[in-house]
file structure_37.cif (mmCIF, C-alpha atoms)
data_work
loop_
_atom_site.label_atom_id
_atom_site.label_comp_id
_atom_site.auth_asym_id
_atom_site.auth_seq_id
_atom_site.Cartn_x
_atom_site.Cartn_y
_atom_site.Cartn_z
CA MET P 1 101.14 29.65 51.97
CA LYS P 2 101.82 31.08 55.46
CA LEU P 3 101.87 34.60 54.01
CA ALA P 4 98.52 34.00 52.32
CA LEU P 5 97.06 32.87 55.65
CA ARG P 6 98.49 35.90 57.45
CA LEU P 7 97.25 38.51 54.96
CA PRO P 8 93.64 38.61 56.29
CA GLN P 9 95.01 38.98 59.85
CA ILE P 10 97.35 41.80 58.76
CA HIS P 11 94.55 43.65 56.97
CA SER P 12 92.21 43.12 59.95
CA ALA P 13 94.75 44.53 62.41
CA LEU P 14 95.50 47.42 60.08
CA GLY P 15 91.81 48.14 59.66
CA LEU P 16 91.34 48.16 63.44
CA GLN P 17 94.25 50.56 63.90
CA THR P 18 92.95 52.81 61.11
CA ALA P 19 89.50 52.95 62.72
CA ALA P 20 91.04 53.65 66.14
CA LEU P 21 93.22 56.40 64.69
CA PHE P 22 90.18 57.96 63.00
CA ILE P 23 88.30 58.02 66.33
CA LEU P 24 91.29 59.39 68.25
CA ASP P 25 91.93 62.01 65.58
CA GLY P 26 88.27 63.04 65.64
CA LEU P 27 88.36 63.41 69.44
CA THR P 28 91.55 65.46 69.17
CA ASN P 29 90.04 67.84 66.64
CA GLY P 30 86.87 68.16 68.73
CA ILE P 31 88.80 68.97 71.92
CA ASP P 32 90.96 71.45 70.04
CA PHE P 33 87.82 73.18 68.81
CA VAL P 34 86.45 73.32 72.39
CA PHE P 35 89.70 74.94 73.61
CA HIS P 36 89.56 77.78 71.09
CA PHE P 37 85.78 78.19 71.25
CA TRP P 38 85.93 78.41 75.07
CA MET P 39 88.69 81.00 74.97
CA GLY P 40 86.78 82.99 72.35
CA ARG P 41 83.85 83.26 74.76
CA PHE P 42 85.85 83.57 78.01
CA LEU P 43 88.62 86.03 77.17
CA ILE P 44 88.11 89.67 76.38
CA PRO P 45 88.57 90.39 72.65
CA THR P 46 92.05 91.90 73.12
CA ASP P 47 93.34 88.87 75.02
CA PHE P 48 91.74 86.45 72.56
CA ALA P 49 93.47 88.27 69.69
CA ILE P 50 96.80 87.89 71.52
CA LEU P 51 96.20 84.16 72.02
CA GLN P 52 95.22 83.56 68.40
CA THR P 53 98.18 85.56 67.11
CA LEU P 54 100.58 83.55 69.28
CA ASN P 55 98.89 80.29 68.23
CA SER P 56 99.06 81.23 64.54
CA VAL P 57 102.77 82.06 64.75
CA ALA P 58 103.43 78.82 66.64
CA LEU P 59 101.42 76.90 64.02
CA VAL P 60 103.76 78.14 61.30
CA TYR P 61 106.75 76.71 63.17
CA THR P 62 105.08 73.45 64.21
CA THR P 63 104.09 72.87 60.58
CA ALA P 64 107.68 73.49 59.51
CA SER P 65 109.16 71.25 62.22
CA GLY P 66 106.58 68.59 61.36
CA VAL P 67 108.56 67.80 58.22
CA PHE P 68 110.85 65.66 60.40
CA GLN P 69 108.00 63.21 61.00
CA PRO P 70 107.79 61.70 57.48
CA VAL P 71 111.60 61.61 57.32
CA VAL P 72 111.97 59.55 60.51
CA SER P 73 108.94 57.46 59.55
CA ARG P 74 110.54 56.71 56.18
CA PHE P 75 113.88 55.59 57.65
CA VAL P 76 112.21 53.43 60.32
CA ALA P 77 109.83 51.80 57.81
CA GLU P 78 112.68 51.18 55.36
CA ALA P 79 114.71 49.48 58.09
CA ARG P 80 111.74 47.28 58.92
CA GLY P 81 111.18 46.46 55.25
CA ARG P 82 114.80 45.31 54.87
CA GLY P 83 114.79 43.27 58.08
CA GLN P 84 117.20 45.71 59.76
CA GLU P 85 115.13 46.27 62.91
CA THR P 86 118.29 46.38 65.05
CA SER P 87 119.26 49.65 63.36
CA ILE P 88 116.02 51.42 64.30
CA PRO P 89 117.14 52.61 67.79
CA ALA P 90 120.25 54.16 66.23
CA ILE P 91 118.15 55.94 63.58
CA PHE P 92 115.68 57.26 66.15
CA GLN P 93 118.31 58.37 68.67
CA SER P 94 120.48 60.07 66.07
CA PHE P 95 117.62 62.16 64.70
CA LEU P 96 116.41 62.86 68.26
CA ARG P 97 119.87 64.19 69.17
CA ALA P 98 119.89 66.48 66.14
CA ALA P 99 116.34 67.69 66.90
CA PHE P 100 117.20 68.28 70.57
CA TRP P 101 120.11 70.58 69.81
CA LEU P 102 118.23 72.34 67.00
CA GLY P 103 115.18 72.92 69.21
CA LEU P 104 117.31 74.08 72.13
CA PHE P 105 119.23 76.52 69.94
CA LEU P 106 116.02 78.00 68.46
CA ALA P 107 114.35 78.25 71.88
CA MET P 108 117.38 80.06 73.34
CA LEU P 109 117.43 82.36 70.32
CA ILE P 110 113.77 83.23 70.85
CA LEU P 111 114.36 83.89 74.55
CA LEU P 112 117.31 86.12 73.73
CA PHE P 113 115.34 88.22 71.25
CA SER P 114 111.93 87.85 72.93
CA GLN P 115 111.45 91.58 73.45
CA GLY P 116 112.12 92.44 69.82
CA ILE P 117 109.91 89.58 68.56
CA ALA P 118 107.12 90.68 70.90
CA GLN P 119 107.30 94.25 69.59
CA LEU P 120 107.25 93.00 65.99
CA LEU P 121 104.15 90.87 66.61
CA HIS P 122 102.51 93.36 69.00
CA LEU P 123 102.40 90.76 71.78
CA PRO P 124 103.40 90.88 75.47
CA THR P 125 107.02 89.80 75.94
CA TRP P 126 106.08 87.10 78.45
CA THR P 127 103.97 85.28 75.83
CA ILE P 128 107.02 84.93 73.57
CA GLN P 129 109.15 83.72 76.48
CA ILE P 130 106.64 81.00 77.35
CA GLY P 131 106.26 80.19 73.66
CA ALA P 132 109.99 79.38 73.48
CA ALA P 133 109.27 76.16 75.40
CA LEU P 134 106.70 75.23 72.76
CA ILE P 135 109.31 75.70 70.02
CA PHE P 136 111.70 73.31 71.78
CA LEU P 137 109.06 70.65 72.45
CA SER P 138 107.50 70.85 68.99
CA THR P 139 110.93 70.12 67.49
CA LEU P 140 111.20 66.88 69.50
CA ARG P 141 107.69 65.55 68.99
CA PRO P 142 107.88 64.87 65.21
CA ILE P 143 110.84 62.54 65.81
CA ALA P 144 108.86 60.37 68.23
CA ALA P 145 105.68 60.62 66.12
CA GLY P 146 107.64 59.59 63.02
CA ALA P 147 109.05 56.57 64.85
CA LEU P 148 105.53 55.49 65.88
CA GLN P 149 104.20 56.02 62.36
CA GLY P 150 107.11 54.16 60.77
CA SER P 151 106.53 51.27 63.18
CA GLN P 152 102.84 51.29 62.14
CA ASN P 153 101.82 51.78 65.78
CA PHE P 154 98.91 54.00 64.82
CA ILE P 155 96.93 53.71 68.06
CA ALA P 156 99.88 55.02 70.05
CA PHE P 157 100.36 57.68 67.37
CA GLY P 158 96.74 58.79 67.84
CA PHE P 159 97.08 58.85 71.63
CA THR P 160 100.01 61.28 71.44
CA ARG P 161 97.81 63.72 69.50
CA LEU P 162 94.92 63.23 71.90
CA ALA P 163 97.25 63.73 74.89
CA LEU P 164 98.27 67.14 73.52
CA ALA P 165 94.72 68.45 73.16
CA LEU P 166 93.27 66.85 76.31
CA SER P 167 96.09 67.82 78.72
CA ARG P 168 96.00 71.38 77.42
CA LEU P 169 92.26 71.63 78.09
CA ILE P 170 92.54 70.06 81.58
CA LEU P 171 95.35 72.39 82.68
CA LEU P 172 93.43 75.35 81.30
CA PHE P 173 90.43 74.42 83.46
CA PHE P 174 92.48 74.31 86.67
CA LEU P 175 94.45 77.48 85.92
CA ILE P 176 91.24 79.40 85.28
CA GLN P 177 89.94 78.27 88.68
CA VAL P 178 92.85 80.04 90.40
CA GLY P 179 92.11 83.29 88.62
CA LEU P 180 94.35 83.17 85.56
CA HIS P 181 92.89 84.22 82.23
CA LEU P 182 95.15 84.86 79.22
CA LYS P 183 98.11 83.44 81.12
CA ALA P 184 96.21 80.20 81.65
CA ALA P 185 95.68 79.77 77.91
CA VAL P 186 99.27 80.68 77.00
CA ILE P 187 100.78 78.36 79.64
CA ALA P 188 98.49 75.54 78.48
CA LEU P 189 99.91 75.65 74.93
CA PRO P 190 103.46 74.36 75.72
CA PHE P 191 102.11 72.14 78.51
CA GLY P 192 100.10 70.17 75.97
CA TRP P 193 103.20 69.67 73.86
CA LEU P 194 105.18 68.53 76.93
CA VAL P 195 102.58 65.87 77.81
CA SER P 196 102.41 64.76 74.17
CA VAL P 197 106.20 64.38 73.93
CA LEU P 198 106.39 62.42 77.20
CA CYS P 199 103.47 60.25 76.10
CA ALA P 200 105.17 59.51 72.77
CA PHE P 201 108.46 58.62 74.46
CA LEU P 202 106.70 56.22 76.83
CA LEU P 203 104.64 54.58 74.08
CA LEU P 204 107.73 53.96 71.95
CA GLY P 205 108.79 51.30 74.44
CA LYS P 206 112.20 50.19 75.66
CA ALA P 207 113.35 48.94 72.25
CA PHE P 208 113.83 52.48 70.94
CA TRP P 209 115.93 53.47 73.96
CA THR P 210 118.45 50.63 73.83
CA ARG P 211 122.03 51.71 73.40
CA GLY P 212 122.65 52.18 69.70
CA LYS P 213 125.52 53.33 67.55
CA TYR P 214 125.45 56.55 65.56
CA VAL P 215 124.08 56.34 62.06
CA THR P 216 126.39 57.26 59.23
CA GLN P 217 126.65 60.86 58.11
CA SER P 218 125.08 59.89 54.79
CA VAL P 219 121.84 58.93 56.57
CA LEU P 220 121.70 62.23 58.45
CA ARG P 221 122.53 64.09 55.23
CA ASP P 222 119.73 62.25 53.44
CA GLY P 223 117.45 63.11 56.35
CA TRP P 224 118.13 66.84 56.06
CA ARG P 225 117.65 66.69 52.29
CA LEU P 226 114.32 64.91 52.65
CA SER P 227 113.30 67.40 55.36
CA PHE P 228 113.99 70.25 52.95
CA TYR P 229 111.84 68.68 50.24
CA ALA P 230 109.11 67.88 52.79
CA LEU P 231 109.13 71.50 53.97
CA LEU P 232 108.71 72.77 50.40
CA ALA P 233 105.95 70.22 49.79
CA TYR P 234 104.07 71.11 52.99
CA LEU P 235 104.30 74.85 52.33
CA ALA P 236 103.04 74.38 48.76
CA TYR P 237 100.21 72.07 49.89
CA MET P 238 99.17 74.51 52.64
CA SER P 239 99.18 77.33 50.08
CA LEU P 240 97.05 75.24 47.72
CA THR P 241 94.39 74.82 50.42
CA SER P 242 94.36 78.45 51.56
CA LEU P 243 94.87 80.60 48.45
CA ASP P 244 91.18 80.55 47.55
CA LEU P 245 90.16 81.87 50.98
CA VAL P 246 92.83 84.59 50.82
CA TRP P 247 91.57 85.59 47.36
CA VAL P 248 87.94 85.67 48.55
CA ASN P 249 88.87 87.87 51.51
CA GLN P 250 90.63 90.27 49.15
CA ASN P 251 87.99 90.46 46.44
CA LEU P 252 84.55 89.82 47.93
CA SER P 253 82.45 91.47 50.61
CA GLY P 254 82.84 90.60 54.27
CA GLU P 255 79.50 88.76 54.26
CA LEU P 256 80.48 86.57 51.30
CA ALA P 257 83.96 86.02 52.73
CA GLY P 258 82.35 84.80 55.97
CA ALA P 259 80.10 82.41 54.04
CA TYR P 260 83.10 81.08 52.10
CA ALA P 261 85.05 80.59 55.34
CA GLY P 262 82.19 78.33 56.42
CA LEU P 263 82.61 76.29 53.23
CA VAL P 264 86.33 75.96 53.94
CA LEU P 265 85.52 74.66 57.42
CA MET P 266 83.05 72.12 56.00
CA ARG P 267 85.52 70.86 53.40
CA ARG P 268 87.97 70.00 56.19
CA ILE P 269 85.45 67.43 57.41
CA VAL P 270 85.58 65.80 53.96
CA ALA P 271 89.36 65.53 54.34
CA LEU P 272 89.35 64.09 57.88
CA LEU P 273 89.26 60.33 57.19
CA PRO P 274 91.40 60.62 54.04
CA ALA P 275 94.10 62.24 56.19
CA VAL P 276 94.01 59.22 58.52
CA ALA P 277 94.10 56.81 55.55
CA VAL P 278 97.17 58.56 54.12
CA THR P 279 98.90 58.50 57.54
CA VAL P 280 98.40 54.74 57.63
CA MET P 281 99.44 54.40 53.97
CA PHE P 282 102.81 56.15 54.26
CA PRO P 283 104.86 53.58 56.24
CA ARG P 284 103.27 50.73 54.25
CA VAL P 285 104.43 52.36 51.02
CA VAL P 286 107.93 52.94 52.41
CA ARG P 287 108.21 49.34 53.58
CA THR P 288 106.97 48.00 50.23
CA LEU P 289 109.50 50.13 48.35
CA ALA P 290 112.23 48.96 50.73
CA GLU P 291 111.32 45.38 49.78
CA GLY P 292 111.90 46.30 46.12
CA GLN P 293 108.23 46.23 45.09
CA LEU P 294 105.80 48.84 43.79
CA PRO P 295 102.90 49.75 46.13
CA ASN P 296 100.20 49.72 43.43
CA ARG P 297 97.67 47.90 45.61
CA ILE P 298 98.27 50.12 48.66
CA LEU P 299 97.84 53.29 46.60
CA ALA P 300 94.66 51.92 44.99
CA GLU P 301 93.21 50.92 48.38
CA THR P 302 93.89 54.36 49.84
CA ALA P 303 92.34 56.07 46.81
CA ALA P 304 89.29 53.82 47.12
CA ILE P 305 88.85 54.77 50.79
CA ILE P 306 89.10 58.47 49.98
CA ILE P 307 86.64 58.25 47.07
CA ALA P 308 84.15 56.12 49.03
CA VAL P 309 84.14 58.16 52.24
CA SER P 310 84.60 61.64 50.80
CA GLY P 311 82.20 60.83 47.97
CA THR P 312 79.51 59.76 50.45
CA LEU P 313 79.97 62.97 52.44
CA SER P 314 79.83 65.03 49.26
CA ILE P 315 76.54 63.38 48.26
CA LEU P 316 75.15 64.27 51.71
CA TYR P 317 76.39 67.81 51.16
CA PHE P 318 74.39 68.00 47.94
CA ILE P 319 71.22 66.58 49.53
CA PHE P 320 71.26 68.32 52.92
CA ALA P 321 73.18 71.51 52.12
CA ASP P 322 70.67 73.96 53.60
CA GLN P 323 70.14 71.94 56.77
CA LEU P 324 73.87 71.40 57.38
CA ILE P 325 74.75 75.06 56.88
CA THR P 326 71.95 76.10 59.24
CA ILE P 327 72.93 73.54 61.92
CA VAL P 328 76.61 74.46 61.86
CA PHE P 329 76.39 78.24 61.46
CA GLY P 330 73.02 78.93 63.03
CA GLU P 331 71.44 80.73 60.10
CA SER P 332 70.67 80.11 56.47
CA GLN P 333 73.41 81.11 54.04
CA PRO P 334 72.04 80.36 50.53
CA GLU P 335 75.33 81.36 48.87
CA ALA P 336 77.26 78.78 50.90
CA ALA P 337 74.55 76.10 50.73
CA SER P 338 74.47 76.10 46.92
CA LEU P 339 78.23 75.48 46.79
CA LEU P 340 78.59 72.94 49.59
CA GLY P 341 78.28 69.89 47.32
CA PRO P 342 80.68 71.21 44.64
CA MET P 343 83.17 72.11 47.39
CA GLY P 344 83.04 68.50 48.60
CA ILE P 345 83.82 67.24 45.09
CA ALA P 346 86.66 69.77 44.81
CA MET P 347 88.10 68.57 48.13
CA ILE P 348 88.13 64.96 46.92
CA GLY P 349 90.61 65.94 44.20
CA VAL P 350 92.87 67.70 46.70
CA SER P 351 92.64 64.75 49.12
CA LEU P 352 93.59 62.32 46.37
CA SER P 353 96.62 64.48 45.56
CA SER P 354 97.85 63.94 49.14
CA ILE P 355 98.36 60.27 48.19
CA TRP P 356 100.96 61.35 45.65
CA LEU P 357 102.47 63.85 48.05
CA ASN P 358 103.14 61.09 50.58
CA TYR P 359 104.15 58.54 47.95
CA TYR P 360 106.85 60.79 46.56
CA LEU P 361 108.07 61.69 50.05
CA ALA P 362 108.56 57.94 50.44
CA GLU P 363 110.46 57.65 47.14
CA LYS P 364 111.96 60.67 45.30
CA PRO P 365 110.12 63.89 46.17
CA ARG P 366 111.77 66.39 43.80
CA ASP P 367 109.50 65.98 40.76
CA PHE P 368 106.27 66.12 42.75
CA VAL P 369 107.48 69.15 44.73
CA ILE P 370 108.00 70.92 41.40
CA LEU P 371 104.51 69.80 40.31
CA LEU P 372 103.09 71.21 43.56
CA GLY P 373 104.72 74.56 42.84
CA VAL P 374 103.18 74.58 39.38
CA ALA P 375 99.76 73.73 40.90
CA VAL P 376 99.94 76.66 43.34
CA SER P 377 100.80 79.01 40.46
CA LEU P 378 97.94 77.56 38.39
CA GLU P 379 95.42 78.07 41.19
CA TRP P 380 96.47 81.70 41.68
CA MET P 381 96.29 82.30 37.91
CA LEU P 382 92.80 80.78 37.70
CA LEU P 383 91.60 82.83 40.65
CA ASN P 384 92.74 86.03 38.98
CA LEU P 385 91.41 85.11 35.52
CA LEU P 386 87.93 84.06 36.63
CA PRO P 387 85.31 86.68 37.58
CA PRO P 388 85.29 87.48 41.34
CA SER P 389 82.73 85.19 42.97
CA MET P 390 82.45 82.31 45.40
CA GLN P 391 81.72 80.00 42.47
CA SER P 392 85.01 81.00 40.83
CA ALA P 393 86.95 80.28 44.03
CA VAL P 394 85.45 76.78 44.33
CA ARG P 395 86.07 76.17 40.62
CA ALA P 396 89.73 77.23 40.79
CA PHE P 397 90.32 75.14 43.93
CA GLY P 398 88.67 72.05 42.44
CA ILE P 399 90.31 72.26 39.01
CA THR P 400 93.74 72.64 40.59
CA GLY P 401 93.23 69.72 42.98
CA TRP P 402 92.01 67.31 40.32
CA LEU P 403 94.75 68.32 37.86
CA LEU P 404 97.35 67.82 40.60
CA THR P 405 95.97 64.33 41.23
CA LEU P 406 96.10 63.57 37.51
CA GLY P 407 99.64 64.95 37.29
CA GLY P 408 100.77 62.75 40.18
CA LEU P 409 99.23 59.71 38.46
CA LEU P 410 101.00 60.51 35.17
CA LEU P 411 104.31 60.94 37.00
CA TYR P 412 103.79 57.53 38.58
CA MET P 413 102.85 55.82 35.34
CA PHE P 414 105.73 57.20 33.29
CA LYS P 415 108.48 57.46 35.91
CA PRO P 416 111.81 55.67 35.42
CA PRO P 417 112.11 52.11 36.80
CA PHE P 418 112.21 52.10 40.58
CA VAL P 419 115.59 51.37 42.18
CA PRO P 420 115.45 50.49 45.90
CA ARG P 421 117.36 52.84 48.18
CA ASN P 422 119.99 51.53 50.56
CA VAL P 423 120.05 52.61 54.18
CA HIS P 424 123.48 52.36 55.81
CA VAL P 425 123.78 52.49 59.57
#

call {"tool": "encode", "arguments": {"input": "structure_37.cif", "output": "structure tokens"}}
result
Amino acid sequence: MKLALRLPQIHSALGLQTAALFILDGLTNGIDFVFHFWMGRFLIPTDFAILQTLNSVALVYTTASGVFQPVVSRFVAEARGRGQETSIPAIFQSFLRAAFWLGLFLAMLILLFSQGIAQLLHLPTWTIQIGAALIFLSTLRPIAAGALQGSQNFIAFGFTRLALALSRLILLFFLIQVGLHLKAAVIALPFGWLVSVLCAFLLLGKAFWTRGKYVTQSVLRDGWRLSFYALLAYLAYMSLTSLDLVWVNQNLSGELAGAYAGLVLMRRIVALLPAVAVTVMFPRVVRTLAEGQLPNRILAETAAIIIAVSGTLSILYFIFADQLITIVFGESQPEAASLLGPMGIAMIGVSLSSIWLNYYLAEKPRDFVILLGVAVSLEWMLLNLLPPSMQSAVRAFGITGWLLTLGGLLLYMFKPPFVPRNVHV
């Protein structure tokens, strides 16, 4: 009876946190866009190319190191689901120790070989040396972010992302006032990560910093195994959402490739709220599994949010395609406008597949990682079988996304009976 009375309160609090995270995430993305747009207008083309190259290389690593976030989130949420909250500080501190030494080792390695790396990437050596700090900090942040996500503290989680983008922009403003140009932008990159890490550590609260024992080696071993699967899953998912643009750049004219790049930018808007919904879903799924139950309702609710929100945006894309393309890109692009609605529908399928990606990271990821690999191969095959056109790229992207969603559903429906995992600390 008490649980029934608490359910509306739980859903209300969760809805408030989801809405807050959506707003914070939107602000973060907006500020990030301002940073790069400002630098594109302020720096000379050569310096802007250096900044974007450094940022792209750093993005590869931060995406890879981000695989620690769902791992820590999973262990924290499982501990909460089993009523083992006292073990959470030990879990957090043990993974933080491992991340600290890993990040320090990689940063020192980059400093040691900074000249060779700079020559390979055609960048100034000093940019690589400053970037080493970013590598260290971006290894620590996923541990703290995972702990916040696993604790379902989504407002604090959103603030750590906002702190990164906002502090970077503020420091950039002051450094430019003292006459720095490219150096201002490069220094601002690791500074944002530093502020974000410190913000995350503060928002975790004292409970995570209480003296805790080491977790067993089996937990750390499971953590590395899950990190490996998460890395494969992230790489495959990133490939799935970028192969079509790569193919268009290779096979179509520069004008058409530019128009398609605009479509890719617009489809990211369709995925914005679904990404927040899945972030909120993940620890709830882990906790439900830890309690020995199947998260059917949670998965259905998340799918409903994605279909409702992304579907509404896609309908608007169909109705106001010409106006939206003109507003965003400043001129009419009939090729892009005619495909904006279909691209929205295609993105819904890919967004729904992220539900299964996160579900299987919370349970047993191997089978879905294999399915992701098959999906990437299928998309590339479709792209090369269909006639070269923007329509073919949208079609291949959409078919792959919806088939991946269907495949994840079939895996879920016909999987072996779920056996709860034990976490030993």

call {"tool": "residues_around", "arguments": {"input": "structure_37.cif", "residues": "Tyr229 of chain P", "least_positions_apart": "5", "cutoff": "12 Å", "atoms": "all atoms listed in the file", "output": "number ranges by chain"}}
result
P: 64, 67-68, 70-71, 222-224, 234-236, 357-358, 360-370, 372-373

call {"tool": "closest_residue", "arguments": {"input": "structure_37.cif", "among": "P:Leu166, P:Thr62, P:Gly158, P:Val72", "to": "Leu134 of chain P", "atoms": "only C-alpha atoms"}}
result
P:Thr62

call {"tool": "atom_distance", "arguments": {"input": "structure_37.cif", "atom1": "atom CA of Ala396 of chain P", "atom2": "atom CA of Met343 of chain P"}}
result
10.6 Å

call {"tool": "resolve_selection", "arguments": {"input": "structure_37.cif", "expression": "the PyMOL selection byres ((chain P and resi 354) around 10)", "output": "VMD selection string"}}
result
chain P and resid 237 274 to 275 278 303 349 to 353 355 to 360 401 404 to 405 408

call {"tool": "atom_distance", "arguments": {"input": "structure_37.cif", "atom1": "atom CA of Arg82 of chain P", "atom2": "atom CA of Ala290 of chain P"}}
result
6.1 Å

call {"tool": "residues_around", "arguments": {"input": "structure_37.cif", "residues": "segment 198-207 of chain P", "least_positions_apart": "3", "cutoff": "8 Å", "atoms": "only C-alpha atoms", "output": "list in words"}}
result
Pro89, Arg141, Ala144, Ala145, Ala147, Leu148, Ala156, Phe157, Phe159, Thr160, Ala163, Leu194, Val195 and Thr210 of chain P

call {"tool": "residues_around", "arguments": {"input": "structure_37.cif", "residues": "Met281 of chain P", "least_positions_apart": "5", "cutoff": "8 Å", "atoms": "all atoms listed in the file", "output": "PyMOL selection string"}}
result
chain P and resi 298-299+302

call {"tool": "residues_around", "arguments": {"input": "structure_37.cif", "residues": "Leu96 of chain P", "least_positions_apart": "2", "cutoff": "10 Å", "atoms": "only C-alpha atoms", "output": "list in words"}}
result
Val72, Ala90, Ile91, Phe92, Gln93, Ser94, Ala98, Ala99, Phe100, Trp101, Leu102, Thr139, Leu140, Arg141, Pro142, Ile143 and Ala144 of chain P

call {"tool": "closest_residue", "arguments": {"input": "structure_37.cif", "among": "P:Arg287, P:Arg297, P:Arg168, P:Arg80", "to": "Ile187 of chain P", "atoms": "all atoms listed in the file"}}
result
P:Arg168

call {"tool": "atom_distance", "arguments": {"input": "structure_37.cif", "atom1": "atom CA of Ser314 of chain P", "atom2": "atom CA of Leu340 of chain P"}}
result
8.0 Å

call {"tool": "residues_around", "arguments": {"input": "structure_37.cif", "residues": "Ala20 of chain P", "least_positions_apart": "5", "cutoff": "10 Å", "atoms": "only C-alpha atoms", "output": "list in words"}}
result
Leu14, Gly15, Asp25, Gly26, Phe154, Ile155, Ala156, Gly158, Phe159 and Val276 of chain P

call {"tool": "resolve_selection", "arguments": {"input": "structure_37.cif", "expression": "the PyMOL selection byres ((chain P and resi 32-42) around 12)", "output": "JSON, numbers by chain"}}
result
{"P": [25, 26, 27, 28, 29, 30, 31, 43, 44, 45, 46, 47, 48, 49, 50, 51, 52, 55, 161, 162, 163, 164, 165, 166, 167, 168, 169, 170, 171, 172, 173, 176, 180, 181, 182, 183, 184, 185, 186, 188, 189, 192, 265]}

call {"tool": "write_last_selection", "arguments": {"input": "structure_37.cif", "atoms": "C-alpha atoms", "output": "compact mmCIF listing (two decimals), keeping the file's coordinate frame"}}
result
# COMPACT_ATOMS: atom_id res chain seq x y z
CA ASP P 25 91.93 62.01 65.58
CA GLY P 26 88.27 63.04 65.64
CA LEU P 27 88.36 63.41 69.44
CA THR P 28 91.55 65.46 69.17
CA ASN P 29 90.04 67.84 66.64
CA GLY P 30 86.87 68.16 68.73
CA ILE P 31 88.80 68.97 71.92
CA LEU P 43 88.62 86.03 77.17
CA ILE P 44 88.11 89.67 76.38
CA PRO P 45 88.57 90.39 72.65
CA THR P 46 92.05 91.90 73.12
CA ASP P 47 93.34 88.87 75.02
CA PHE P 48 91.74 86.45 72.56
CA ALA P 49 93.47 88.27 69.69
CA ILE P 50 96.80 87.89 71.52
CA LEU P 51 96.20 84.16 72.02
CA GLN P 52 95.22 83.56 68.40
CA ASN P 55 98.89 80.29 68.23
CA ARG P 161 97.81 63.72 69.50
CA LEU P 162 94.92 63.23 71.90
CA ALA P 163 97.25 63.73 74.89
CA LEU P 164 98.27 67.14 73.52
CA ALA P 165 94.72 68.45 73.16
CA LEU P 166 93.27 66.85 76.31
CA SER P 167 96.09 67.82 78.72
CA ARG P 168 96.00 71.38 77.42
CA LEU P 169 92.26 71.63 78.09
CA ILE P 170 92.54 70.06 81.58
CA LEU P 171 95.35 72.39 82.68
CA LEU P 172 93.43 75.35 81.30
CA PHE P 173 90.43 74.42 83.46
CA ILE P 176 91.24 79.40 85.28
CA LEU P 180 94.35 83.17 85.56
CA HIS P 181 92.89 84.22 82.23
CA LEU P 182 95.15 84.86 79.22
CA LYS P 183 98.11 83.44 81.12
CA ALA P 184 96.21 80.20 81.65
CA ALA P 185 95.68 79.77 77.91
CA VAL P 186 99.27 80.68 77.00
CA ALA P 188 98.49 75.54 78.48
CA LEU P 189 99.91 75.65 74.93
CA GLY P 192 100.10 70.17 75.97
CA LEU P 265 85.52 74.66 57.42

call {"tool": "resolve_selection", "arguments": {"input": "structure_37.cif", "expression": "the PyMOL selection byres ((chain P and resi 256) around 12)", "output": "MDAnalysis selection string"}}
result
chainID P and resid 245 247:255 257:263 333:336 388:391 393

call {"tool": "write_last_selection", "arguments": {"input": "structure_37.cif", "atoms": "C-alpha atoms", "output": "short mmCIF file (atom, residue, chain, number, x, y, z; two decimals), in the coordinates of the input"}}
result
data_model
loop_
_atom_site.label_atom_id
_atom_site.label_comp_id
_atom_site.auth_asym_id
_atom_site.auth_seq_id
_atom_site.Cartn_x
_atom_site.Cartn_y
_atom_site.Cartn_z
CA LEU P 245 90.16 81.87 50.98
CA TRP P 247 91.57 85.59 47.36
CA VAL P 248 87.94 85.67 48.55
CA ASN P 249 88.87 87.87 51.51
CA GLN P 250 90.63 90.27 49.15
CA ASN P 251 87.99 90.46 46.44
CA LEU P 252 84.55 89.82 47.93
CA SER P 253 82.45 91.47 50.61
CA GLY P 254 82.84 90.60 54.27
CA GLU P 255 79.50 88.76 54.26
CA ALA P 257 83.96 86.02 52.73
CA GLY P 258 82.35 84.80 55.97
CA ALA P 259 80.10 82.41 54.04
CA TYR P 260 83.10 81.08 52.10
CA ALA P 261 85.05 80.59 55.34
CA GLY P 262 82.19 78.33 56.42
CA LEU P 263 82.61 76.29 53.23
CA GLN P 333 73.41 81.11 54.04
CA PRO P 334 72.04 80.36 50.53
CA GLU P 335 75.33 81.36 48.87
CA ALA P 336 77.26 78.78 50.90
CA PRO P 388 85.29 87.48 41.34
CA SER P 389 82.73 85.19 42.97
CA MET P 390 82.45 82.31 45.40
CA GLN P 391 81.72 80.00 42.47
CA ALA P 393 86.95 80.28 44.03
#

call {"tool": "closest_residue", "arguments": {"input": "structure_37.cif", "among": "P:Ser138, P:Ile23, P:Leu111, P:Gly81", "to": "Ala58 of chain P", "atoms": "only C-alpha atoms"}}
result
P:Ser138
